[in-house]
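Student: This is the structure I have questions about; it appears just below.
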Amino acid sequence: MSGATVTLREMRWWDLDRVMALEEELFPEDAWSRGMFWSELAHARGRDATRHYVVAESGPRLVGYAGLAVFDRTGDVQTIASARDHWGTGLGARLLTDLLTAATAFECREVLLEVRVDNARAQRLYERFGFEPIGIRKGYYQPGNVDALVMRLSDPAAPGVTTAGMATAADSEPDVTTESGVSPGAGASPETGASTETGAPTETGAPTAQTTPTAQTTPTAHTANPANPVHTAPTAHTANPATSVQGTETHG
């Protein structure tokens with residue numbers, strides 16, 4: 001891995017070629033389409049924006065990306081992904097911190113995500129940031145038919161949430177990176193589904209969660225697997241079919 005400094009910035013449409021290359025490498029079975037990303041970015045700017053997407057660059061190379069959707073003051077991690085050679089560097093934690101900072105700016109009262117039940121490393125990362133399990137979504141990740149654990153952070157604006165999460169991720173498990181591979185869902189709620197790209201989510205080194213964008217023409221494939229809305233998330237979250245169908249994707 002290059003020793004170049006990694007910087008984060010807003011994702012723009014001209015980043016999509018590199019984003020898609022990494023997406024297809026990390027999530028070969030349920031990668032979001034270019035159209036899903038376009039749909040998400042269409043809601044990422046302006047006064048009425050409900051999305052926040054960021055890319056991570058090391059020199060000229062794109063090495064990660066992440067996205068958040070917001071509905072009725074509920075944030076949903078759509079995707080977190082980092083290049084394989086950046087797993088274990090803390091990039092996943094940085095991307096998650098950026099999303100939680102955005103959720104605070106959106107005045108979200110809570111943040112939800114889905115993560116594969118077999119992705120223990122990603123779950124530990126989320127727990128360090130204060131996320132707690134609230135339900136299971138059966139067969140959420142397809143085509144593997146893997147269940148998703150729904151997790152919730154009750155107050156992303158609470159003092160020390162991101163600081164404590166970053167510190168524990170770095171000090172306790174430096175080899176864990178978070179990639180929420182979740183397809184963009186329009187603020188996917190666990191009731192809807194994704195590889196939080198929300199497919200996505202997590203410092204794990206394996207795709208964790210990808211969320212498919214919501215019905216707003218946002219990618220639905222990742223986040224949303226309406227299959228089993230088992231959590232007690234606010235109805236507003238559930239009611240937004242825009243979520244992705246695959247759940248939060250997490251790689252890293």
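FYI, nothing fancy with the structure tokens labels: chains A, B, ... in order, residues from 1 per chain, ligands from 1 as they appear.
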Could you give me the residues within segment 39-140 of chain A that DSSP places in helix (DSSP H, G or I), as a PyMOL selection string?

Tutor: chain A and resi 39-41+84-86+91-105+120-128

Student: Find the residue from A:Val77, A:Leu96, A:Ala83, A:Ala105 that sits nearest to Met151 of chain A; use only C-alpha atoms when measuring.

Tutor: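 Closest to Met151 of chain A of all the choices is A:Val77.
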
Student: Contacts of segment 49-66 of chain A at 6 Å or less, counting only C-alpha atoms, minus same-chain residues fewer than 5 places along, as JSON, numbers by chain?

Tutor: {"A": [4, 5, 6, 7, 8, 9, 10, 11, 43, 44, 79, 80, 81, 82, 83]}

Student: Keeping only C-alpha atoms, write the selected residues as a tab-separated table (two decimals), in the first residue's frame.

Tutor:
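Generated output (result.tsv):
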```tsv
chain	number	residue	atom	x	y	z
A	4	ALA	CA	0.46	8.66	0.29
A	5	THR	CA	-1.91	10.67	2.47
A	6	VAL	CA	-5.58	9.72	2.13
A	7	THR	CA	-7.99	12.64	1.84
A	8	LEU	CA	-11.79	12.68	1.88
A	9	ARG	CA	-14.00	14.89	-0.25
A	10	GLU	CA	-17.52	15.04	-1.66
A	11	MET	CA	-18.31	12.45	-4.34
A	43	HIS	CA	-30.21	14.09	-4.01
A	44	ALA	CA	-26.84	15.09	-2.57
A	79	THR	CA	-22.41	2.15	1.80
A	80	ILE	CA	-18.89	2.13	3.13
A	81	ALA	CA	-16.10	0.61	1.07
A	82	SER	CA	-12.32	0.73	0.97
A	83	ALA	CA	-9.76	-0.79	-1.40
```

Student: Quick one: DSSP strand (DSSP E or B) residues in segment 11-131 of chain A, as a ChimeraX atom specification?

Tutor: /A:51-58,61-71,74-82,110-116

Student: In Å, how far is it from atom CA of Phe106 of chain A to atom CA of Glu40 of chain A?

Tutor: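 Going from atom CA of Phe106 of chain A over to atom CA of Glu40 of chain A covers 16.1 Å.
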
Student: With only C-alpha atoms as the counted atoms, please give the residues lying no more than 9 Å from Gly165 of chain A, apart from itself and same-chain residues fewer than 5 positions off, as a list of chain:residue names.

Tutor: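 My list of contacting residues is A:Ala93, A:Thr97, A:Leu125, A:Tyr126, A:Glu127, A:Arg128, A:Phe129, A:Gly130, A:Gly160, A:Ala170.
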
Student: Would you write out those residues with all heavy atoms, as a PDB file, in the first residue's frame?

Tutor:
```pdb
ATOM      1  N   ALA A  93     -13.084   3.507   9.498  1.00  0.00           N
ATOM      2  CA  ALA A  93     -13.515   4.322  10.633  1.00  0.00           C
ATOM      3  C   ALA A  93     -13.595   5.793  10.241  1.00  0.00           C
ATOM      4  O   ALA A  93     -14.497   6.517  10.681  1.00  0.00           O
ATOM      5  CB  ALA A  93     -12.544   4.149  11.803  1.00  0.00           C
ATOM      6  N   THR A  97     -16.953   7.971  10.379  1.00  0.00           N
ATOM      7  CA  THR A  97     -16.951   9.233  11.125  1.00  0.00           C
ATOM      8  C   THR A  97     -17.488  10.369  10.263  1.00  0.00           C
ATOM      9  O   THR A  97     -18.273  11.211  10.720  1.00  0.00           O
ATOM     10  CB  THR A  97     -15.522   9.582  11.595  1.00  0.00           C
ATOM     11  OG1 THR A  97     -15.094   8.582  12.532  1.00  0.00           O
ATOM     12  CG2 THR A  97     -15.475  10.943  12.270  1.00  0.00           C
ATOM     13  N   LEU A 125     -16.780  -2.890  14.994  1.00  0.00           N
ATOM     14  CA  LEU A 125     -16.454  -1.505  14.654  1.00  0.00           C
ATOM     15  C   LEU A 125     -17.655  -0.615  14.954  1.00  0.00           C
ATOM     16  O   LEU A 125     -17.535   0.439  15.581  1.00  0.00           O
ATOM     17  CB  LEU A 125     -16.089  -1.388  13.186  1.00  0.00           C
ATOM     18  CG  LEU A 125     -15.934   0.068  12.721  1.00  0.00           C
ATOM     19  CD1 LEU A 125     -14.678   0.697  13.325  1.00  0.00           C
ATOM     20  CD2 LEU A 125     -15.895   0.175  11.215  1.00  0.00           C
ATOM     21  N   TYR A 126     -18.823  -1.048  14.483  1.00  0.00           N
ATOM     22  CA  TYR A 126     -20.025  -0.248  14.708  1.00  0.00           C
ATOM     23  C   TYR A 126     -20.309  -0.090  16.199  1.00  0.00           C
ATOM     24  O   TYR A 126     -20.734   0.972  16.645  1.00  0.00           O
ATOM     25  CB  TYR A 126     -21.217  -0.887  14.001  1.00  0.00           C
ATOM     26  CG  TYR A 126     -21.101  -0.849  12.497  1.00  0.00           C
ATOM     27  CD1 TYR A 126     -21.360  -1.977  11.724  1.00  0.00           C
ATOM     28  CD2 TYR A 126     -20.714   0.313  11.845  1.00  0.00           C
ATOM     29  CE1 TYR A 126     -21.252  -1.938  10.345  1.00  0.00           C
ATOM     30  CE2 TYR A 126     -20.598   0.356  10.474  1.00  0.00           C
ATOM     31  CZ  TYR A 126     -20.861  -0.767   9.724  1.00  0.00           C
ATOM     32  OH  TYR A 126     -20.744  -0.727   8.366  1.00  0.00           O
ATOM     33  N   GLU A 127     -20.099  -1.168  16.941  1.00  0.00           N
ATOM     34  CA  GLU A 127     -20.336  -1.097  18.387  1.00  0.00           C
ATOM     35  C   GLU A 127     -19.425  -0.058  19.035  1.00  0.00           C
ATOM     36  O   GLU A 127     -19.825   0.633  19.970  1.00  0.00           O
ATOM     37  CB  GLU A 127     -20.093  -2.475  19.016  1.00  0.00           C
ATOM     38  CG  GLU A 127     -21.177  -3.489  18.661  1.00  0.00           C
ATOM     39  CD  GLU A 127     -20.816  -4.905  19.084  1.00  0.00           C
ATOM     40  OE1 GLU A 127     -19.664  -5.105  19.565  1.00  0.00           O
ATOM     41  OE2 GLU A 127     -21.662  -5.801  18.927  1.00  0.00           O
ATOM     42  N   ARG A 128     -18.210   0.070  18.548  1.00  0.00           N
ATOM     43  CA  ARG A 128     -17.289   1.048  19.131  1.00  0.00           C
ATOM     44  C   ARG A 128     -17.776   2.476  18.904  1.00  0.00           C
ATOM     45  O   ARG A 128     -17.419   3.380  19.654  1.00  0.00           O
ATOM     46  CB  ARG A 128     -15.892   0.858  18.540  1.00  0.00           C
ATOM     47  CG  ARG A 128     -15.249  -0.439  18.990  1.00  0.00           C
ATOM     48  CD  ARG A 128     -13.794  -0.533  18.577  1.00  0.00           C
ATOM     49  NE  ARG A 128     -13.231  -1.767  19.075  1.00  0.00           N
ATOM     50  CZ  ARG A 128     -13.041  -2.851  18.333  1.00  0.00           C
ATOM     51  NH1 ARG A 128     -13.338  -2.832  17.049  1.00  0.00           N
ATOM     52  NH2 ARG A 128     -12.538  -3.942  18.869  1.00  0.00           N
ATOM     53  N   PHE A 129     -18.566   2.651  17.863  1.00  0.00           N
ATOM     54  CA  PHE A 129     -19.127   3.975  17.607  1.00  0.00           C
ATOM     55  C   PHE A 129     -20.454   4.170  18.322  1.00  0.00           C
ATOM     56  O   PHE A 129     -21.081   5.219  18.190  1.00  0.00           O
ATOM     57  CB  PHE A 129     -19.305   4.190  16.104  1.00  0.00           C
ATOM     58  CG  PHE A 129     -18.052   4.653  15.397  1.00  0.00           C
ATOM     59  CD1 PHE A 129     -17.063   3.748  15.030  1.00  0.00           C
ATOM     60  CD2 PHE A 129     -17.847   5.998  15.106  1.00  0.00           C
ATOM     61  CE1 PHE A 129     -15.912   4.170  14.387  1.00  0.00           C
ATOM     62  CE2 PHE A 129     -16.701   6.429  14.464  1.00  0.00           C
ATOM     63  CZ  PHE A 129     -15.719   5.506  14.112  1.00  0.00           C
ATOM     64  N   GLY A 130     -20.895   3.150  19.038  1.00  0.00           N
ATOM     65  CA  GLY A 130     -22.131   3.282  19.805  1.00  0.00           C
ATOM     66  C   GLY A 130     -23.352   2.636  19.194  1.00  0.00           C
ATOM     67  O   GLY A 130     -24.459   2.744  19.744  1.00  0.00           O
ATOM     68  N   GLY A 160     -18.545  13.005  21.836  1.00  0.00           N
ATOM     69  CA  GLY A 160     -17.594  11.897  21.911  1.00  0.00           C
ATOM     70  C   GLY A 160     -17.920  10.682  21.080  1.00  0.00           C
ATOM     71  O   GLY A 160     -17.141   9.739  21.038  1.00  0.00           O
ATOM     72  N   ALA A 170      -8.876   2.512  16.307  1.00  0.00           N
ATOM     73  CA  ALA A 170      -7.441   2.584  16.063  1.00  0.00           C
ATOM     74  C   ALA A 170      -6.652   1.841  17.131  1.00  0.00           C
ATOM     75  O   ALA A 170      -5.687   1.144  16.840  1.00  0.00           O
ATOM     76  CB  ALA A 170      -7.004   4.047  16.035  1.00  0.00           C
TER      77      ALA A 170
END
```

Student: Of the candidates A:Leu26, A:Val19, A:Ala158, A:Phe37, which shows the shortest atom-to-atom distance to Asp85 of chain A, using only C-alpha atoms?

Tutor: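 Looking at the shortest contact to Asp85 of chain A, the residue is A:Leu26.
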
Student: Which neighbours of Val111 of chain A fall inside 9 Å, counting only C-alpha atoms, when residues of the same chain fewer than 5 positions from it are skipped, and could you give them as a ChimeraX atom specification?

Tutor: /A:70,73-77,100,103,131,151-156

Student: Can you spit out the residues from that selection as a PDB file, in the first residue's frame, using N, CA, C and O atoms?

Tutor:
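Just written: result-v3.pdb:
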```
ATOM      1  N   VAL A  70     -30.899  10.280   4.280  1.00  0.00           N
ATOM      2  CA  VAL A  70     -31.636  10.804   5.429  1.00  0.00           C
ATOM      3  C   VAL A  70     -33.115  10.932   5.100  1.00  0.00           C
ATOM      4  O   VAL A  70     -33.488  11.448   4.050  1.00  0.00           O
ATOM      5  N   ARG A  73     -35.330  12.871   9.587  1.00  0.00           N
ATOM      6  CA  ARG A  73     -34.338  12.948  10.667  1.00  0.00           C
ATOM      7  C   ARG A  73     -33.812  11.590  11.119  1.00  0.00           C
ATOM      8  O   ARG A  73     -33.316  11.443  12.235  1.00  0.00           O
ATOM      9  N   THR A  74     -33.911  10.600  10.232  1.00  0.00           N
ATOM     10  CA  THR A  74     -33.289   9.302  10.481  1.00  0.00           C
ATOM     11  C   THR A  74     -32.256   9.074   9.390  1.00  0.00           C
ATOM     12  O   THR A  74     -32.573   9.150   8.202  1.00  0.00           O
ATOM     13  N   GLY A  75     -31.017   8.817   9.795  1.00  0.00           N
ATOM     14  CA  GLY A  75     -29.962   8.570   8.819  1.00  0.00           C
ATOM     15  C   GLY A  75     -29.836   7.079   8.552  1.00  0.00           C
ATOM     16  O   GLY A  75     -30.115   6.255   9.427  1.00  0.00           O
ATOM     17  N   ASP A  76     -29.437   6.733   7.334  1.00  0.00           N
ATOM     18  CA  ASP A  76     -29.227   5.335   6.995  1.00  0.00           C
ATOM     19  C   ASP A  76     -27.912   5.208   6.248  1.00  0.00           C
ATOM     20  O   ASP A  76     -27.729   5.833   5.203  1.00  0.00           O
ATOM     21  N   VAL A  77     -27.006   4.422   6.800  1.00  0.00           N
ATOM     22  CA  VAL A  77     -25.715   4.214   6.141  1.00  0.00           C
ATOM     23  C   VAL A  77     -25.957   3.368   4.901  1.00  0.00           C
ATOM     24  O   VAL A  77     -26.414   2.235   4.996  1.00  0.00           O
ATOM     25  N   LEU A 100     -21.266  10.087  10.094  1.00  0.00           N
ATOM     26  CA  LEU A 100     -21.923  10.479  11.332  1.00  0.00           C
ATOM     27  C   LEU A 100     -21.862  11.992  11.535  1.00  0.00           C
ATOM     28  O   LEU A 100     -22.791  12.598  12.085  1.00  0.00           O
ATOM     29  N   ALA A 103     -24.595  13.198   9.425  1.00  0.00           N
ATOM     30  CA  ALA A 103     -25.885  12.924  10.063  1.00  0.00           C
ATOM     31  C   ALA A 103     -26.188  13.974  11.123  1.00  0.00           C
ATOM     32  O   ALA A 103     -27.333  14.410  11.288  1.00  0.00           O
ATOM     33  N   PHE A 131     -23.212   1.944  18.044  1.00  0.00           N
ATOM     34  CA  PHE A 131     -24.360   1.269  17.434  1.00  0.00           C
ATOM     35  C   PHE A 131     -24.742   0.053  18.272  1.00  0.00           C
ATOM     36  O   PHE A 131     -23.882  -0.654  18.793  1.00  0.00           O
ATOM     37  N   MET A 151     -28.661  -2.440  13.090  1.00  0.00           N
ATOM     38  CA  MET A 151     -28.045  -1.747  14.223  1.00  0.00           C
ATOM     39  C   MET A 151     -28.442  -0.281  14.205  1.00  0.00           C
ATOM     40  O   MET A 151     -28.700   0.294  13.132  1.00  0.00           O
ATOM     41  N   ARG A 152     -28.513   0.304  15.391  1.00  0.00           N
ATOM     42  CA  ARG A 152     -28.938   1.697  15.490  1.00  0.00           C
ATOM     43  C   ARG A 152     -28.021   2.477  16.447  1.00  0.00           C
ATOM     44  O   ARG A 152     -27.639   1.984  17.503  1.00  0.00           O
ATOM     45  N   LEU A 153     -27.714   3.697  16.024  1.00  0.00           N
ATOM     46  CA  LEU A 153     -27.009   4.650  16.887  1.00  0.00           C
ATOM     47  C   LEU A 153     -28.050   5.679  17.273  1.00  0.00           C
ATOM     48  O   LEU A 153     -28.571   6.400  16.415  1.00  0.00           O
ATOM     49  N   SER A 154     -28.385   5.744  18.535  1.00  0.00           N
ATOM     50  CA  SER A 154     -29.516   6.571  18.949  1.00  0.00           C
ATOM     51  C   SER A 154     -29.276   8.070  18.873  1.00  0.00           C
ATOM     52  O   SER A 154     -30.215   8.836  18.703  1.00  0.00           O
ATOM     53  N   ASP A 155     -28.036   8.521  18.999  1.00  0.00           N
ATOM     54  CA  ASP A 155     -27.788   9.959  18.954  1.00  0.00           C
ATOM     55  C   ASP A 155     -26.414  10.251  18.361  1.00  0.00           C
ATOM     56  O   ASP A 155     -25.421  10.334  19.086  1.00  0.00           O
ATOM     57  N   PRO A 156     -26.341  10.408  17.030  1.00  0.00           N
ATOM     58  CA  PRO A 156     -25.044  10.645  16.386  1.00  0.00           C
ATOM     59  C   PRO A 156     -24.381  11.942  16.822  1.00  0.00           C
ATOM     60  O   PRO A 156     -23.172  12.122  16.663  1.00  0.00           O
TER      61      PRO A 156
END
```

Student: Give me, as a PDB file with N, CA, C and O atoms, in the first residue's frame, all polymer residues having an atom no more than 10 Å from Thr101 of chain A, counting only C-alpha atoms and skipping those fewer than 6 positions away in the same chain.

Tutor:
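out.pdb was written with the following content:
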```pdb
ATOM      1  N   LEU A  95     -14.278   6.957   7.247  1.00  0.00           N
ATOM      2  CA  LEU A  95     -15.457   7.126   6.405  1.00  0.00           C
ATOM      3  C   LEU A  95     -16.734   7.133   7.247  1.00  0.00           C
ATOM      4  O   LEU A  95     -17.638   7.948   7.027  1.00  0.00           O
ATOM      5  N   GLU A 107     -29.173  16.971  11.365  1.00  0.00           N
ATOM      6  CA  GLU A 107     -29.971  16.927  12.596  1.00  0.00           C
ATOM      7  C   GLU A 107     -30.709  15.601  12.756  1.00  0.00           C
ATOM      8  O   GLU A 107     -31.854  15.554  13.221  1.00  0.00           O
ATOM      9  N   PRO A 156     -26.341  10.408  17.030  1.00  0.00           N
ATOM     10  CA  PRO A 156     -25.044  10.645  16.386  1.00  0.00           C
ATOM     11  C   PRO A 156     -24.381  11.942  16.822  1.00  0.00           C
ATOM     12  O   PRO A 156     -23.172  12.122  16.663  1.00  0.00           O
ATOM     13  N   ALA A 157     -25.163  12.852  17.412  1.00  0.00           N
ATOM     14  CA  ALA A 157     -24.606  14.143  17.835  1.00  0.00           C
ATOM     15  C   ALA A 157     -24.096  14.115  19.273  1.00  0.00           C
ATOM     16  O   ALA A 157     -23.568  15.106  19.769  1.00  0.00           O
ATOM     17  N   VAL A 161     -19.057  10.668  20.371  1.00  0.00           N
ATOM     18  CA  VAL A 161     -19.421   9.485  19.586  1.00  0.00           C
ATOM     19  C   VAL A 161     -18.346   9.159  18.563  1.00  0.00           C
ATOM     20  O   VAL A 161     -17.794   8.069  18.533  1.00  0.00           O
ATOM     21  N   THR A 162     -18.042  10.112  17.694  1.00  0.00           N
ATOM     22  CA  THR A 162     -17.054   9.842  16.652  1.00  0.00           C
ATOM     23  C   THR A 162     -15.638   9.788  17.208  1.00  0.00           C
ATOM     24  O   THR A 162     -14.815   8.998  16.775  1.00  0.00           O
TER      25      THR A 162
END
```

Student: Tell me which of A:Gly67, A:Gly46, A:Gly135, A:Pro143 sits closest to Pro28 of chain A, counting only C-alpha atoms.

Tutor: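 With only C-alpha atoms as the atom set, the closest residue is A:Pro143.
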